[in-house]
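This is entry-v3.cif (mmCIF, C-alpha atoms and all ligand atoms).
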```cif
data_final
loop_
_atom_site.label_atom_id
_atom_site.label_comp_id
_atom_site.auth_asym_id
_atom_site.auth_seq_id
_atom_site.Cartn_x
_atom_site.Cartn_y
_atom_site.Cartn_z
CA MET A 1 -7.87 1.18 4.78
CA ASN A 2 -8.78 4.41 3.12
CA VAL A 3 -6.70 5.32 0.11
CA LEU A 4 -7.89 8.89 -0.18
CA ALA A 5 -7.26 9.48 3.48
CA ALA A 6 -3.78 8.11 3.06
CA ILE A 7 -3.07 10.39 0.13
CA ALA A 8 -4.73 13.46 1.57
CA GLU A 9 -3.22 12.91 5.00
CA PRO A 10 -1.90 16.37 5.86
CA SER A 11 1.44 15.03 7.02
CA TYR A 12 2.09 13.82 3.48
CA PHE A 13 2.07 17.23 1.91
CA HIS A 14 3.62 18.84 4.93
CA ALA A 15 6.37 16.38 5.61
CA SER A 16 7.23 15.79 2.02
CA TRP A 17 6.73 19.19 0.45
CA HIS A 18 8.02 21.18 3.34
CA GLY A 19 11.03 18.93 3.61
CA ASN A 20 11.76 19.27 -0.06
CA MET A 21 11.36 23.02 -0.09
CA LEU A 22 13.98 23.11 2.62
CA ALA A 23 16.14 20.85 0.54
CA ILE A 24 15.93 23.26 -2.36
CA ALA A 25 16.69 26.29 -0.24
CA LYS A 26 19.55 24.51 1.52
CA PRO A 27 20.86 21.67 -0.61
CA LYS A 28 22.66 20.12 2.36
CA ALA A 29 19.47 19.75 4.44
CA PRO A 30 18.41 16.17 5.21
CA PRO A 31 15.49 14.75 3.18
CA GLY A 32 11.93 15.15 4.47
CA SER A 33 11.23 11.61 5.56
CA SER A 34 13.88 9.84 7.55
CA LEU A 35 12.75 6.41 8.61
CA THR A 36 15.00 3.72 10.01
CA ASN A 37 15.63 0.56 8.04
CA ASP A 38 13.51 -1.37 10.54
CA GLN A 39 10.55 0.96 9.91
CA LEU A 40 11.06 0.69 6.16
CA CYS A 41 11.20 -3.12 6.40
CA ARG A 42 7.85 -3.16 8.20
CA LEU A 43 6.31 -1.04 5.47
CA VAL A 44 7.49 -3.40 2.73
CA GLU A 45 6.34 -6.41 4.76
CA ALA A 46 2.90 -4.81 5.30
CA ILE A 47 2.60 -4.44 1.52
CA ALA A 48 3.67 -8.06 0.99
CA VAL A 49 1.34 -9.51 3.62
CA ASP A 50 -1.70 -7.22 3.61
CA GLY A 51 -1.46 -5.20 0.39
CA ASP A 52 -1.32 -2.20 2.74
CA ARG A 53 -1.77 0.97 0.68
CA GLU A 54 -1.01 3.32 3.53
CA ALA A 55 2.30 1.53 4.01
CA PHE A 56 2.93 2.03 0.30
CA ALA A 57 2.17 5.76 0.60
CA SER A 58 4.65 6.05 3.48
CA LEU A 59 7.28 4.23 1.49
CA PHE A 60 6.58 6.54 -1.44
CA ARG A 61 7.07 9.61 0.77
CA HIS A 62 10.45 8.30 1.82
CA PHE A 63 11.76 7.07 -1.52
CA ALA A 64 10.05 9.02 -4.32
CA PRO A 65 12.10 12.22 -3.79
CA ARG A 66 15.29 10.16 -3.62
CA LEU A 67 14.39 8.15 -6.72
CA LYS A 68 13.61 11.32 -8.60
CA GLY A 69 16.97 12.70 -7.48
CA PHE A 70 18.52 9.50 -8.84
CA GLY A 71 16.83 10.05 -12.22
CA LEU A 72 17.94 13.68 -12.36
CA ARG A 73 21.54 12.66 -11.65
CA ARG A 74 21.29 10.44 -14.72
CA GLY A 75 20.65 13.62 -16.69
CA VAL A 76 17.01 13.17 -17.72
CA ASP A 77 14.26 15.80 -17.42
CA ALA A 78 11.84 15.98 -14.50
CA THR A 79 9.01 14.21 -16.34
CA THR A 80 11.19 11.26 -17.28
CA ALA A 81 12.64 11.15 -13.77
CA GLU A 82 9.08 10.85 -12.41
CA GLU A 83 8.34 8.05 -14.88
CA LEU A 84 11.33 6.26 -13.40
CA VAL A 85 9.89 6.88 -9.91
CA GLN A 86 6.53 5.51 -11.05
CA GLU A 87 7.93 2.34 -12.63
CA THR A 88 10.18 1.71 -9.65
CA MET A 89 7.43 2.18 -7.06
CA LEU A 90 5.04 -0.06 -9.02
CA THR A 91 7.67 -2.79 -8.97
CA VAL A 92 8.14 -2.24 -5.24
CA TRP A 93 4.39 -2.89 -4.82
CA ARG A 94 4.37 -5.97 -7.05
CA LYS A 95 7.58 -7.55 -5.80
CA ALA A 96 7.23 -6.72 -2.10
CA ALA A 97 6.93 -10.43 -1.30
CA THR A 98 10.44 -11.06 -2.66
CA PHE A 99 12.01 -8.62 -0.20
CA ASP A 100 14.01 -10.41 2.47
CA ARG A 101 15.26 -8.26 5.34
CA SER A 102 17.96 -10.77 6.21
CA ARG A 103 19.62 -10.20 2.83
CA ALA A 104 19.54 -6.48 2.25
CA THR A 105 18.29 -3.17 3.58
CA VAL A 106 15.18 -1.70 1.94
CA SER A 107 17.35 1.03 0.37
CA THR A 108 19.60 -1.57 -1.21
CA TRP A 109 16.64 -3.56 -2.49
CA ILE A 110 15.09 -0.44 -4.01
CA PHE A 111 18.46 0.61 -5.44
CA THR A 112 18.59 -2.67 -7.40
CA ILE A 113 15.04 -2.08 -8.67
CA VAL A 114 15.68 1.47 -9.85
CA ARG A 115 19.00 0.40 -11.39
CA ASN A 116 17.21 -2.24 -13.46
CA LYS A 117 14.40 0.18 -14.42
CA ARG A 118 17.00 2.70 -15.55
CA ILE A 119 18.62 0.08 -17.79
CA ASP A 120 15.22 -0.96 -19.09
CA MET A 121 13.97 2.59 -19.77
CA PHE A 122 17.10 4.28 -21.05
CA ARG A 123 19.04 1.48 -22.72
CA ARG A 124 16.13 -0.84 -23.57
CA GLU A 125 18.08 -3.82 -22.31
CA GLY A 126 17.59 -6.41 -19.64
CA HIS A 127 19.74 -6.84 -16.56
CA PRO A 128 20.10 -10.58 -15.95
CA GLU A 129 19.95 -11.28 -12.22
CA ALA A 130 21.32 -14.12 -10.19
CA ASP A 131 18.04 -14.27 -8.27
CA LEU A 132 18.75 -15.84 -4.96
CA ASP A 133 15.31 -17.35 -4.65
CA GLU A 134 15.46 -18.99 -8.07
CA ALA A 135 19.07 -20.01 -8.52
CA THR A 136 19.50 -23.76 -8.62
CA GLU A 137 22.63 -24.21 -6.59
CA VAL A 138 22.29 -21.77 -3.75
CA ALA A 139 20.05 -23.68 -1.34
CA ALA A 140 22.92 -24.31 1.06
CA ASP A 141 23.64 -20.60 1.11
CA GLN A 142 20.43 -19.43 2.80
CA PRO A 143 21.34 -17.06 5.63
CA ALA A 144 20.37 -18.10 9.13
CA ALA A 145 17.69 -16.04 10.88
CA ASP A 146 20.24 -14.41 13.18
CA GLU A 147 21.94 -12.78 10.22
CA THR A 148 19.04 -10.33 10.13
CA LEU A 149 20.68 -8.11 12.69
CA VAL A 150 23.92 -8.25 10.78
CA ALA A 151 22.35 -7.00 7.54
CA VAL A 152 20.68 -4.11 9.37
CA GLU A 153 23.79 -3.16 11.29
CA ALA A 154 25.87 -3.35 8.14
CA GLY A 155 23.43 -1.03 6.37
CA THR A 156 23.64 1.54 9.16
CA ALA A 157 27.41 1.27 9.42
CA LEU A 158 27.70 1.75 5.68
CA GLY A 159 25.72 5.00 5.88
CA ILE A 160 28.10 6.24 8.56
CA ALA A 161 31.21 5.07 6.70
CA LEU A 162 29.99 6.88 3.58
CA LYS A 163 30.19 10.18 5.45
CA THR A 164 33.87 9.61 6.20
CA LEU A 165 34.90 9.05 2.56
CA PRO A 166 37.29 11.58 1.03
CA LYS A 167 35.37 13.91 -1.28
CA GLU A 168 37.06 12.76 -4.48
CA GLN A 169 36.21 9.13 -3.71
CA LEU A 170 32.58 9.94 -2.93
CA GLU A 171 32.28 11.99 -6.14
CA ILE A 172 33.56 9.10 -8.25
CA LEU A 173 31.25 6.61 -6.54
CA GLN A 174 28.25 8.85 -7.19
CA LYS A 175 29.15 9.04 -10.86
CA ALA A 176 29.49 5.26 -11.12
CA TYR A 177 26.23 4.53 -9.28
CA PHE A 178 23.99 7.40 -10.36
CA GLU A 179 25.19 8.57 -13.75
CA ASP A 180 25.50 5.24 -15.55
CA LYS A 181 29.08 6.03 -16.47
CA SER A 182 31.79 3.52 -17.25
CA HIS A 183 35.22 3.88 -15.67
CA ARG A 184 36.39 5.23 -19.04
CA ALA A 185 33.63 7.86 -19.26
CA ILE A 186 34.35 9.03 -15.71
CA ALA A 187 38.07 9.28 -16.51
CA ASP A 188 37.34 11.39 -19.60
CA GLU A 189 34.97 13.68 -17.73
CA LEU A 190 37.25 14.26 -14.75
CA ARG A 191 40.35 14.33 -16.96
CA LEU A 192 41.99 11.64 -14.89
CA PRO A 193 43.96 8.64 -16.08
CA LEU A 194 41.79 5.50 -16.31
CA GLY A 195 44.00 3.79 -13.72
CA THR A 196 43.33 6.57 -11.20
CA VAL A 197 39.56 6.18 -11.60
CA LYS A 198 39.81 2.42 -11.19
CA SER A 199 41.93 2.68 -8.09
CA ARG A 200 39.74 5.38 -6.51
CA ILE A 201 36.63 3.27 -6.96
CA ARG A 202 38.46 0.24 -5.63
CA LEU A 203 39.80 2.20 -2.64
CA ALA A 204 36.42 3.71 -1.84
CA LEU A 205 34.69 0.34 -1.95
CA ALA A 206 37.46 -1.33 0.04
CA ARG A 207 37.05 1.37 2.65
CA LEU A 208 33.27 0.95 2.78
CA ARG A 209 33.38 -2.81 2.87
CA VAL A 210 35.25 -2.59 6.13
CA ALA A 211 31.82 -1.76 7.48
CA LEU A 212 30.36 -5.01 6.20
CA PRO A 213 30.33 -8.29 8.12
CA GLU A 214 33.11 -10.86 7.94
CA GLY A 215 33.18 -13.23 5.01
CA HIS A 216 31.92 -10.67 2.53
CA ALA A 217 35.36 -9.92 1.13
CA MET B 1 35.49 -25.67 -7.10
CA ILE B 2 35.50 -22.42 -9.05
CA ARG B 3 38.97 -21.01 -9.69
CA HIS B 4 38.41 -18.14 -12.08
CA HIS B 5 36.20 -15.16 -11.22
CA PRO B 6 35.24 -11.95 -13.03
CA PRO B 7 37.70 -9.08 -12.50
CA PHE B 8 36.57 -6.70 -9.77
CA GLU B 9 35.69 -3.92 -12.25
CA MET B 10 33.22 -6.22 -13.95
CA ILE B 11 31.58 -6.95 -10.60
CA VAL B 12 31.35 -3.21 -9.95
CA ASP B 13 29.98 -2.46 -13.43
CA TYR B 14 27.42 -5.23 -13.04
CA ALA B 15 26.23 -4.10 -9.61
CA THR B 16 26.08 -0.42 -10.56
CA GLY B 17 24.20 -1.26 -13.76
CA VAL B 18 26.86 0.03 -16.15
CA SER B 19 27.66 -3.24 -17.93
CA GLY B 20 25.92 -4.12 -21.16
CA GLU B 21 23.44 -6.97 -21.26
CA GLY B 22 25.91 -9.54 -22.62
CA VAL B 23 28.59 -9.09 -19.96
CA ALA B 24 25.87 -8.75 -17.30
CA LEU B 25 24.49 -12.11 -18.44
CA ALA B 26 27.92 -13.72 -18.06
CA VAL B 27 28.49 -12.19 -14.62
CA ALA B 28 25.01 -13.22 -13.42
CA THR B 29 25.50 -16.75 -14.76
CA HIS B 30 28.82 -17.07 -12.96
CA ALA B 31 27.38 -15.52 -9.78
CA ALA B 32 24.53 -18.03 -9.75
CA LEU B 33 27.23 -20.69 -9.36
CA CYS B 34 29.63 -18.72 -7.15
CA PRO B 35 28.64 -17.70 -3.60
CA MET B 36 31.76 -15.56 -3.26
CA CYS B 37 30.92 -13.34 -6.22
CA ARG B 38 27.25 -13.18 -5.18
CA ALA B 39 28.39 -11.83 -1.82
CA GLN B 40 30.68 -9.34 -3.53
CA ILE B 41 27.86 -8.12 -5.79
CA ALA B 42 25.59 -7.79 -2.74
CA ASP B 43 28.27 -5.65 -1.05
CA VAL B 44 28.59 -3.32 -4.02
CA GLU B 45 24.79 -3.08 -4.22
CA ALA B 46 24.64 -2.28 -0.49
CA VAL B 47 26.83 0.76 -1.18
CA GLY B 48 24.26 1.76 -3.83
CA GLY B 49 21.55 1.52 -1.17
CA ALA B 50 23.51 3.73 1.22
CA LEU B 51 24.20 6.28 -1.56
CA LEU B 52 20.50 6.32 -2.50
CA GLU B 53 19.61 7.00 1.13
CA GLU B 54 21.95 10.03 1.10
CA ILE B 55 21.16 11.35 -2.39
CA GLU B 56 19.88 14.90 -2.79
CA PRO B 57 16.08 14.48 -3.00
CA ALA B 58 13.95 16.26 -5.58
CA PRO B 59 10.39 17.54 -4.99
CA ILE B 60 7.67 15.30 -6.37
CA SER B 61 4.70 16.55 -8.43
CA ASP B 62 1.38 16.75 -6.60
CA GLY B 63 -0.48 14.06 -8.47
CA LEU B 64 2.22 11.42 -8.75
CA LEU B 65 1.34 9.34 -5.70
CA ALA B 66 -2.36 9.35 -6.62
CA SER B 67 -1.68 8.27 -10.19
CA ILE B 68 0.59 5.44 -9.02
CA MET B 69 -2.05 4.40 -6.47
CA ASP B 70 -4.54 4.16 -9.34
CA ARG B 71 -2.29 1.67 -11.10
CA LEU B 72 -1.56 -0.66 -8.17
CA ASP B 73 -4.29 -3.10 -9.14
CA ASP B 74 -3.49 -3.19 -12.87
CA GLU B 75 -3.39 -6.66 -14.37
CA LEU B 76 0.13 -7.70 -15.24
CA PRO B 77 0.89 -9.07 -18.68
CA ALA B 78 1.55 -12.80 -18.39
CA ASP B 79 5.23 -13.68 -18.58
CA ALA B 80 5.50 -15.15 -22.06
CA ARG B 81 9.13 -16.12 -21.60
CA LYS B 82 8.68 -18.57 -18.78
CA PRO B 83 11.13 -21.32 -19.75
CA ARG B 84 10.18 -24.99 -19.49
CA PRO B 85 13.50 -26.84 -19.64
CA ASP B 86 14.02 -30.57 -19.33
CA ARG B 87 15.97 -31.89 -16.34
CA GLU B 88 19.35 -31.96 -18.04
CA THR B 89 18.94 -28.32 -19.07
CA ALA B 90 17.75 -27.26 -15.62
CA ARG B 91 20.81 -28.99 -14.14
CA LEU B 92 23.31 -27.26 -16.42
CA ILE B 93 21.82 -23.81 -17.05
CA PRO B 94 21.63 -21.39 -14.10
CA SER B 95 18.44 -19.33 -13.82
CA PRO B 96 19.70 -15.98 -15.20
CA LEU B 97 20.78 -17.77 -18.37
CA LEU B 98 17.70 -19.97 -18.57
CA ARG B 99 15.59 -16.93 -19.49
CA TYR B 100 17.70 -16.53 -22.62
CA VAL B 101 17.93 -20.21 -23.49
CA GLU B 102 14.14 -20.50 -23.09
CA SER B 103 13.79 -24.16 -24.05
CA SER B 104 15.73 -27.38 -23.55
CA LEU B 105 19.29 -27.66 -24.79
CA ALA B 106 18.38 -30.60 -27.00
CA ASP B 107 15.75 -28.49 -28.81
CA GLN B 108 18.07 -25.59 -29.65
CA PRO B 109 18.80 -24.80 -33.31
CA TRP B 110 22.44 -25.87 -33.00
CA ARG B 111 24.56 -24.82 -35.93
CA SER B 112 27.63 -26.85 -36.68
CA VAL B 113 30.81 -24.84 -37.24
CA GLY B 114 33.57 -26.79 -38.89
CA ARG B 115 34.16 -30.02 -37.04
CA MET B 116 34.97 -28.36 -33.82
CA PHE B 117 31.88 -27.02 -32.24
CA HIS B 118 28.18 -26.38 -32.33
CA GLU B 119 26.79 -23.00 -31.63
CA VAL B 120 23.44 -21.44 -30.87
CA ARG B 121 22.98 -17.73 -30.62
CA LEU B 122 21.02 -16.22 -27.71
CA PRO B 123 18.68 -13.23 -28.11
CA LEU B 124 20.14 -10.00 -26.68
CA SER B 125 18.61 -6.55 -27.04
CA GLY B 126 21.91 -4.87 -27.94
CA LYS B 127 23.22 -5.00 -31.52
CA ASN B 128 26.94 -4.73 -30.87
CA VAL B 129 27.31 -7.76 -28.74
CA LYS B 130 26.81 -11.42 -29.37
CA ALA B 131 25.93 -14.12 -26.87
CA SER B 132 26.16 -17.81 -27.77
CA LEU B 133 26.12 -21.22 -26.24
CA MET B 134 28.92 -23.35 -27.63
CA LYS B 135 29.37 -27.10 -27.46
CA LEU B 136 33.03 -27.86 -28.03
CA ARG B 137 34.13 -31.33 -29.09
CA PRO B 138 36.30 -33.28 -26.65
CA GLY B 139 39.99 -32.82 -27.33
CA SER B 140 39.49 -30.11 -29.93
CA LEU B 141 41.94 -27.31 -30.36
CA MET B 142 40.25 -23.94 -30.83
CA PRO B 143 41.68 -21.70 -33.54
CA ARG B 144 44.28 -19.30 -32.25
CA HIS B 145 42.81 -15.82 -32.02
CA THR B 146 43.02 -12.35 -30.58
CA HIS B 147 40.17 -9.92 -30.02
CA ARG B 148 39.22 -6.47 -31.05
CA GLY B 149 36.84 -6.17 -28.10
CA HIS B 150 36.19 -8.51 -25.22
CA GLU B 151 35.59 -12.22 -25.12
CA VAL B 152 33.92 -13.44 -21.97
CA THR B 153 33.39 -17.14 -21.32
CA VAL B 154 31.57 -19.01 -18.56
CA VAL B 155 32.01 -22.79 -18.51
CA LEU B 156 28.76 -24.68 -17.93
CA ALA B 157 29.91 -28.29 -18.41
CA GLY B 158 33.14 -30.09 -19.14
CA GLY B 159 36.32 -28.06 -19.27
CA TYR B 160 39.28 -26.77 -21.21
CA ARG B 161 42.86 -25.76 -20.72
CA ASP B 162 44.13 -22.35 -21.79
CA GLY B 163 47.89 -21.96 -21.40
CA ASP B 164 48.64 -23.21 -17.91
CA GLN B 165 45.13 -22.57 -16.59
CA GLN B 166 42.39 -25.16 -16.28
CA TYR B 167 38.74 -24.09 -16.64
CA ALA B 168 35.72 -26.07 -15.40
CA ARG B 169 32.03 -25.53 -14.57
CA GLY B 170 31.41 -22.02 -13.26
CA ASP B 171 34.82 -20.66 -14.24
CA PHE B 172 34.84 -17.22 -15.81
CA SER B 173 37.33 -15.95 -18.37
CA ALA B 174 37.61 -12.40 -19.71
CA LYS B 175 40.03 -11.73 -22.55
CA ASP B 176 40.65 -8.45 -24.32
CA SER B 177 42.61 -7.19 -27.29
CA ALA B 178 45.94 -7.74 -25.55
CA ASP B 179 45.40 -11.48 -25.17
CA MET B 180 46.07 -14.08 -27.79
CA HIS B 181 45.05 -17.55 -26.79
CA GLN B 182 44.22 -21.05 -27.94
CA PRO B 183 42.04 -23.10 -25.62
CA ILE B 184 42.26 -26.90 -25.73
CA VAL B 185 39.09 -28.78 -24.77
CA ASP B 186 39.49 -31.60 -22.24
CA ASP B 187 39.33 -34.96 -23.97
CA ASP B 188 37.01 -36.61 -21.45
CA GLY B 189 33.81 -34.96 -22.62
CA GLU B 190 32.08 -32.19 -24.48
CA CYS B 191 32.53 -28.66 -23.13
CA LEU B 192 29.47 -26.40 -22.94
CA CYS B 193 30.17 -22.67 -22.59
CA LEU B 194 28.41 -19.33 -22.61
CA VAL B 195 30.47 -17.01 -24.81
CA ILE B 196 29.99 -13.24 -25.08
CA LEU B 197 31.75 -11.24 -27.78
CA ASP B 198 31.46 -7.49 -28.09
CA ALA B 199 33.41 -7.30 -31.36
CA PRO B 200 34.44 -9.84 -33.98
CA LEU B 201 37.40 -12.08 -33.25
CA ARG B 202 40.56 -11.74 -35.23
CA LEU B 203 41.68 -15.23 -36.08
CA THR B 204 45.35 -15.66 -36.65
CA GLY B 205 45.69 -19.05 -38.34
CA ALA B 206 44.64 -20.21 -41.81
CA VAL B 207 42.18 -22.70 -40.30
CA GLY B 208 40.78 -19.92 -38.20
CA ARG B 209 39.57 -17.98 -41.18
CA LEU B 210 37.65 -20.98 -42.44
CA VAL B 211 35.72 -21.63 -39.29
CA ASN B 212 35.37 -18.12 -37.99
CA PRO B 213 31.76 -17.93 -36.78
CA PHE B 214 32.16 -14.45 -35.41
CA LEU B 215 32.47 -12.42 -38.57
CA ARG B 216 28.71 -12.34 -38.83
CA ILE B 217 28.36 -10.36 -35.65
ZN ZN C 301 33.13 -15.93 -8.53
#
```

In structure tokens, how does this file's structure come out?
Ligand SMILES: [Zn+2]
Amino acid sequence: MNVLAAIAEPSYFHASWHGNMLAIAKPKAPPGSSLTNDQLCRLVEAIAVDGDREAFASLFRHFAPRLKGFGLRRGVDATTAEELVQETMLTVWRKAATFDRSRATVSTWIFTIVRNKRIDMFRREGHPEADLDEATEVAADQPAADETLVAVEAGTALGIALKTLPKEQLEILQKAYFEDKSHRAIADELRLPLGTVKSRIRLALARLRVALPEGHA
Amino acid sequence: MIRHHPPFEMIVDYATGVSGEGVALAVATHAALCPMCRAQIADVEAVGGALLEEIEPAPISDGLLASIMDRLDDELPADARKPRPDRETARLIPSPLLRYVESSLADQPWRSVGRMFHEVRLPLSGKNVKASLMKLRPGSLMPRHTHRGHEVTVVLAGGYRDGDQQYARGDFSAKDSADMHQPIVDDDGECLCLVILDAPLRLTGAVGRLVNPFLRI
């Protein structure tokens, strides 16, 4: 595998840059790289199994602009946002073997990584995890192989369900997930009673969880 | 059988990365023992994945991929905090908490507080929160107290009764400034708990003031 070829591959600069230029000109335009979860899973698995650098570059093209967007939503400058991208993508490379497609979509897995990096970088704290592969009393809870399809379908359905959320619910969710804001901080900013914020978040999540498989209530 | 779970907002704050390290530690410790809450956390994280997929992307600097590629083969610093617990400790302490306990329970610097309990403080990054393991004597009556902030408890062994509620291994309790309570430890054995306090307790009885271990926060 040729690293330089992977980096200099014309489609990288074209797909990514061109796509992003469009995104700037028309904020509503879809991001440059749109891969399915199955394609993303194969990229992560190629990193885990073969240390595949081209797969990593493809994953970078898909996620780096999104991760930078995530950092910018947190309110940091572009340089810091790219540090967050860098730390997150390095962890993706190192922890690829812990990814399990029967448990989560690649986007969800990467969300948890960038969430923890954000806590680490901006609050200098840890985020204790109930790691499924390490926990002592979860052996009986391993999903069966046929749950794979369920996780993938749930991920897709969730993306669709997200588009049907009322605007004020989506706005509040984005603040909670991207801006590191407590319910109280969101209430203050939007000048809403705390109870309204709580119930909107609860309603939005209840609505989205309809898209998730049975037994995940 | 776990009866008491974190309130839904705490699950949301944990999964979105808003909670502080202390509360996150309590939620992760409970979740390691509670498949239902693990599933709920996974659901809330899945929404984060879907939101990340739809986030407005930001253009990435030219050299970022190349500079990350250069770092892929960096040696990782060895994990100095790899705990080596004895069997009893491994049986009682779920993995998220084990990283903070670090060594065996028997080797902890237990500090005796009055005649009622032993306490050992766990290292957290944040200054305004305190995490401790507490060993409560069988049959002991805890001093009556209220809180200025939050008191979060996860039972690891044994049990106690608080009002008309019974708490046992895995059970989670969150009290705030509105709650005054006086737990009574079961008399059939010692009770081991993880306790998180984000502000000093306000003890209400005369005995309380004598044994108050929380004023040093
Ligand atoms: Zn639970």

Pick out the residues sitting within 7 Å of A:Pro128, and hand them over as a short mmCIF file (atom, residue, chain, number, x, y, z; two decimals) with C-alpha atoms, keeping the file's coordinate frame; count all atoms listed in the file, and ignore anything fewer than 6 positions along from it in its own chain.
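out.cif, freshly written:
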```
data_model
loop_
_atom_site.label_atom_id
_atom_site.label_comp_id
_atom_site.auth_asym_id
_atom_site.auth_seq_id
_atom_site.Cartn_x
_atom_site.Cartn_y
_atom_site.Cartn_z
CA ALA B 24 25.87 -8.75 -17.30
CA LEU B 25 24.49 -12.11 -18.44
CA ALA B 28 25.01 -13.22 -13.42
CA PRO B 96 19.70 -15.98 -15.20
#
```

List as a tab-separated table every residue of chain B that is in contact with ligand ZN 301 (chain C), defined as an atom at most 9 Å from one of its atoms (using all atoms listed in the file), together with the nearest atom pair and the distance in Å rounded to one decimal, sorted by chain and then rising number.
```
residue	atom	partner	partner_atom	distance
B:Ile2	CA	C:ZN301	ZN	6.9
B:Arg3	CA	C:ZN301	ZN	7.8
B:His4	CA	C:ZN301	ZN	6.7
B:His5	CA	C:ZN301	ZN	4.2
B:Pro6	CA	C:ZN301	ZN	6.4
B:Val27	CA	C:ZN301	ZN	8.5
B:His30	CA	C:ZN301	ZN	6.3
B:Ala31	CA	C:ZN301	ZN	5.9
B:Ala32	CA	C:ZN301	ZN	8.9
B:Leu33	CA	C:ZN301	ZN	7.6
B:Cys34	CA	C:ZN301	ZN	4.7
B:Pro35	CA	C:ZN301	ZN	6.9
B:Met36	CA	C:ZN301	ZN	5.5
B:Cys37	CA	C:ZN301	ZN	4.1
B:Arg38	CA	C:ZN301	ZN	7.3
B:Gln40	CA	C:ZN301	ZN	8.6
B:Gly170	CA	C:ZN301	ZN	7.9
B:Asp171	CA	C:ZN301	ZN	7.6
B:Phe172	CA	C:ZN301	ZN	7.6
```

Next on the checklist: So, with all atoms listed in the file as the atoms that count, which of B:Asp74, B:Glu53, B:Glu102, B:Glu9 lies closest to B:Ala174?
Outcome noted: B:Glu9

Item to check | Sphere at (21.3, -4.7, -11.8), radius 12 Å, counting only C-alpha atoms: residues as a PyMOL selection string | outcome: (chain A and resi 108-120+125-131+177+180) or (chain B and resi 11-21+23-25+27-28+41-42+44-45+48+96)

Residues as selected, C-alpha atoms, written as a compact mmCIF listing (two decimals), in the coordinates of the input, can you do that?
```
# COMPACT_ATOMS: atom_id res chain seq x y z
CA THR A 108 19.60 -1.57 -1.21
CA TRP A 109 16.64 -3.56 -2.49
CA ILE A 110 15.09 -0.44 -4.01
CA PHE A 111 18.46 0.61 -5.44
CA THR A 112 18.59 -2.67 -7.40
CA ILE A 113 15.04 -2.08 -8.67
CA VAL A 114 15.68 1.47 -9.85
CA ARG A 115 19.00 0.40 -11.39
CA ASN A 116 17.21 -2.24 -13.46
CA LYS A 117 14.40 0.18 -14.42
CA ARG A 118 17.00 2.70 -15.55
CA ILE A 119 18.62 0.08 -17.79
CA ASP A 120 15.22 -0.96 -19.09
CA GLU A 125 18.08 -3.82 -22.31
CA GLY A 126 17.59 -6.41 -19.64
CA HIS A 127 19.74 -6.84 -16.56
CA PRO A 128 20.10 -10.58 -15.95
CA GLU A 129 19.95 -11.28 -12.22
CA ALA A 130 21.32 -14.12 -10.19
CA ASP A 131 18.04 -14.27 -8.27
CA TYR A 177 26.23 4.53 -9.28
CA ASP A 180 25.50 5.24 -15.55
CA ILE B 11 31.58 -6.95 -10.60
CA VAL B 12 31.35 -3.21 -9.95
CA ASP B 13 29.98 -2.46 -13.43
CA TYR B 14 27.42 -5.23 -13.04
CA ALA B 15 26.23 -4.10 -9.61
CA THR B 16 26.08 -0.42 -10.56
CA GLY B 17 24.20 -1.26 -13.76
CA VAL B 18 26.86 0.03 -16.15
CA SER B 19 27.66 -3.24 -17.93
CA GLY B 20 25.92 -4.12 -21.16
CA GLU B 21 23.44 -6.97 -21.26
CA VAL B 23 28.59 -9.09 -19.96
CA ALA B 24 25.87 -8.75 -17.30
CA LEU B 25 24.49 -12.11 -18.44
CA VAL B 27 28.49 -12.19 -14.62
CA ALA B 28 25.01 -13.22 -13.42
CA ILE B 41 27.86 -8.12 -5.79
CA ALA B 42 25.59 -7.79 -2.74
CA VAL B 44 28.59 -3.32 -4.02
CA GLU B 45 24.79 -3.08 -4.22
CA GLY B 48 24.26 1.76 -3.83
CA PRO B 96 19.70 -15.98 -15.20
```

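Between atom CA of A:Val76 and atom CA of A:Val92 there is a distance of 21.7 Å.
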
Next on the checklist: Between atom CA of B:Arg71 and atom CA of A:Asp50, what distance in Å does the model show, to one decimal?
Outcome noted: 17.2 Å

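If you look at atom CA of A:Arg101 and atom CA of B:Val47, they are 16.1 Å away from each other.
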
Checklist entry - B:Val120: which residues within 6 Å, counting all atoms listed in the file, same-chain residues fewer than 4 positions away excluded, as a PyMOL selection string? => result chain B and resi 110+132-133

Next on the checklist: Quick one: residues within 9 Å of B:Thr153, all atoms listed in the file, excluding same-chain residues fewer than 5 positions away - as a ChimeraX atom specification?
Outcome noted: /B:26,171-175,193-197

Item to check | For chain A, the nearest of the candidates B:Asp107, B:Asp179, B:Glu190, B:Asp73, counting only C-alpha atoms | outcome: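 Going through B:Asp107, B:Asp179, B:Glu190, B:Asp73 one by one, the smallest distance to chain A is for B:Asp73.
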
Next on the checklist: From (4.0, 9.1, -1.7), in the file's coordinates, out to 8 Å: which residues are reached, counting all atoms listed in the file? Answer as a list of chain:residue names.
Outcome noted: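 Collected hits near the coordinates: A:Ile7, A:Tyr12, A:Phe56, A:Ala57, A:Ser58, A:Leu59, A:Phe60, A:Arg61, A:His62, A:Ala64, B:Leu64, B:Leu65.
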
Checklist outcome for this item: Of B:Leu105, B:Ile68, B:Cys191, B:Arg111, the one nearest to B:Met142 when counting only C-alpha atoms is B:Cys191

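Nearest-residue note for chain A: choosing from B:Gly63, B:Pro77, B:Gly49, B:Gly114, the minimum distance belongs to B:Gly49, counting all atoms listed in the file.
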
Checklist entry - Nearest to chain B among A:Glu189, A:Glu45, A:Glu168, A:Glu87, with distances taken over all atoms listed in the file: which residue is it? => result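 Result for the nearest residue to chain B: A:Glu87.
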